[in-house]
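Structure file run.tsv with TSV, C-alpha atoms:
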chain	number	residue	atom	x	y	z
A	1	MET	CA	0.76	-21.97	19.49
A	2	ALA	CA	0.09	-24.12	16.45
A	3	ASP	CA	1.35	-27.67	16.58
A	4	LYS	CA	3.65	-28.41	13.60
A	5	GLN	CA	2.13	-31.90	13.23
A	6	THR	CA	-1.36	-30.48	12.68
A	7	LYS	CA	-0.07	-27.62	10.52
A	8	SER	CA	2.47	-29.37	8.29
A	9	TRP	CA	2.67	-26.31	6.01
A	10	LEU	CA	3.59	-24.03	8.91
A	11	GLY	CA	7.12	-22.70	8.81
A	12	PRO	CA	8.82	-19.58	10.13
A	13	LEU	CA	6.66	-16.48	10.25
A	14	ILE	CA	8.43	-13.16	10.20
A	15	PHE	CA	6.68	-9.81	10.30
A	16	TYR	CA	8.75	-7.10	8.68
A	17	ARG	CA	6.79	-4.51	10.59
A	18	LEU	CA	3.69	-4.67	12.78
A	19	ASN	CA	2.22	-1.27	11.82
A	20	ASP	CA	2.30	0.64	8.55
A	21	TYR	CA	4.46	3.77	8.65
A	22	ALA	CA	1.96	6.01	6.84
A	23	PRO	CA	-1.69	6.11	5.74
A	24	TYR	CA	-2.30	4.48	2.37
A	25	GLY	CA	-1.38	6.82	-0.48
A	26	ALA	CA	0.68	9.17	1.68
A	27	THR	CA	4.00	8.04	0.23
A	28	THR	CA	5.41	6.21	-2.77
A	29	ASP	CA	7.71	4.12	-0.55
A	30	ARG	CA	5.98	0.76	-0.74
A	31	GLU	CA	7.78	-0.53	2.35
A	32	SER	CA	5.72	1.97	4.34
A	33	TYR	CA	2.78	-0.40	3.84
A	34	PHE	CA	4.39	-3.74	4.74
A	35	GLY	CA	2.81	-3.77	8.21
A	36	ALA	CA	0.18	-6.25	9.38
A	37	VAL	CA	-1.87	-3.40	10.85
A	38	ARG	CA	-2.80	-0.21	9.00
A	39	SER	CA	-1.63	3.14	10.34
A	40	ASP	CA	-5.20	3.84	11.58
A	41	GLY	CA	-5.10	0.67	13.71
A	42	THR	CA	-7.33	-1.56	11.60
A	43	VAL	CA	-6.08	-5.10	11.02
A	44	LYS	CA	-5.26	-6.17	7.47
A	45	PRO	CA	-6.86	-9.39	6.18
A	46	SER	CA	-3.56	-11.28	6.18
A	47	ALA	CA	-2.98	-10.51	9.87
A	48	ALA	CA	-6.50	-11.59	10.74
A	49	TYR	CA	-5.93	-14.89	8.91
A	50	VAL	CA	-2.60	-15.56	10.64
A	51	LYS	CA	-4.20	-14.87	14.01
A	52	SER	CA	-7.10	-17.24	13.24
A	53	VAL	CA	-4.67	-20.04	12.32
A	54	LEU	CA	-2.24	-19.58	15.21
A	55	CYS	CA	-4.81	-18.76	17.91
A	56	PRO	CA	-8.03	-20.62	17.00
Write out the structure in this file as structure tokens.
Amino acid sequence: MADKQTKSWLGPLIFYRLNDYAPYGATTDRESYFGAVRSDGTVKPSAAYVKSVLCP
């Protein structure tokens, strides 16, 4: 886990949802796409970045 002294900007990290509810474009409910991983299992860029920072 990241050391707070070396990552002074690091604060709480909360994922609303790990996976998207639906494939992109399948619904107009934008919260269906708040996941860190797409419904097909591919990782979104933001999740890849968080992983690279927390688990170098």
Residue contacts of range 41-49 of chain A (10 Å, only C-alpha atoms) excluding same-chain residues fewer than 3 positions away, as a PyMOL selection string
chain A and resi 15+18-20+35-38+52-55
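CA of Asp29 in chain A is found 28.4 Å from CA of Gly11 in chain A.
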Mind pulling up the distance from CA of Leu13 in chain A to CA of Arg30 in chain A?
20.5 Å
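For Pro23 in chain A, the set of protein, DNA and RNA residues having any atom at most 9 Å away, when counting all atoms listed in the file and skipping those fewer than 2 positions along the same chain, is A:Asp20, A:Tyr21, A:Gly25, A:Ala26, A:Thr27, A:Ser32, A:Tyr33, A:Arg38, A:Ser39, A:Asp40.
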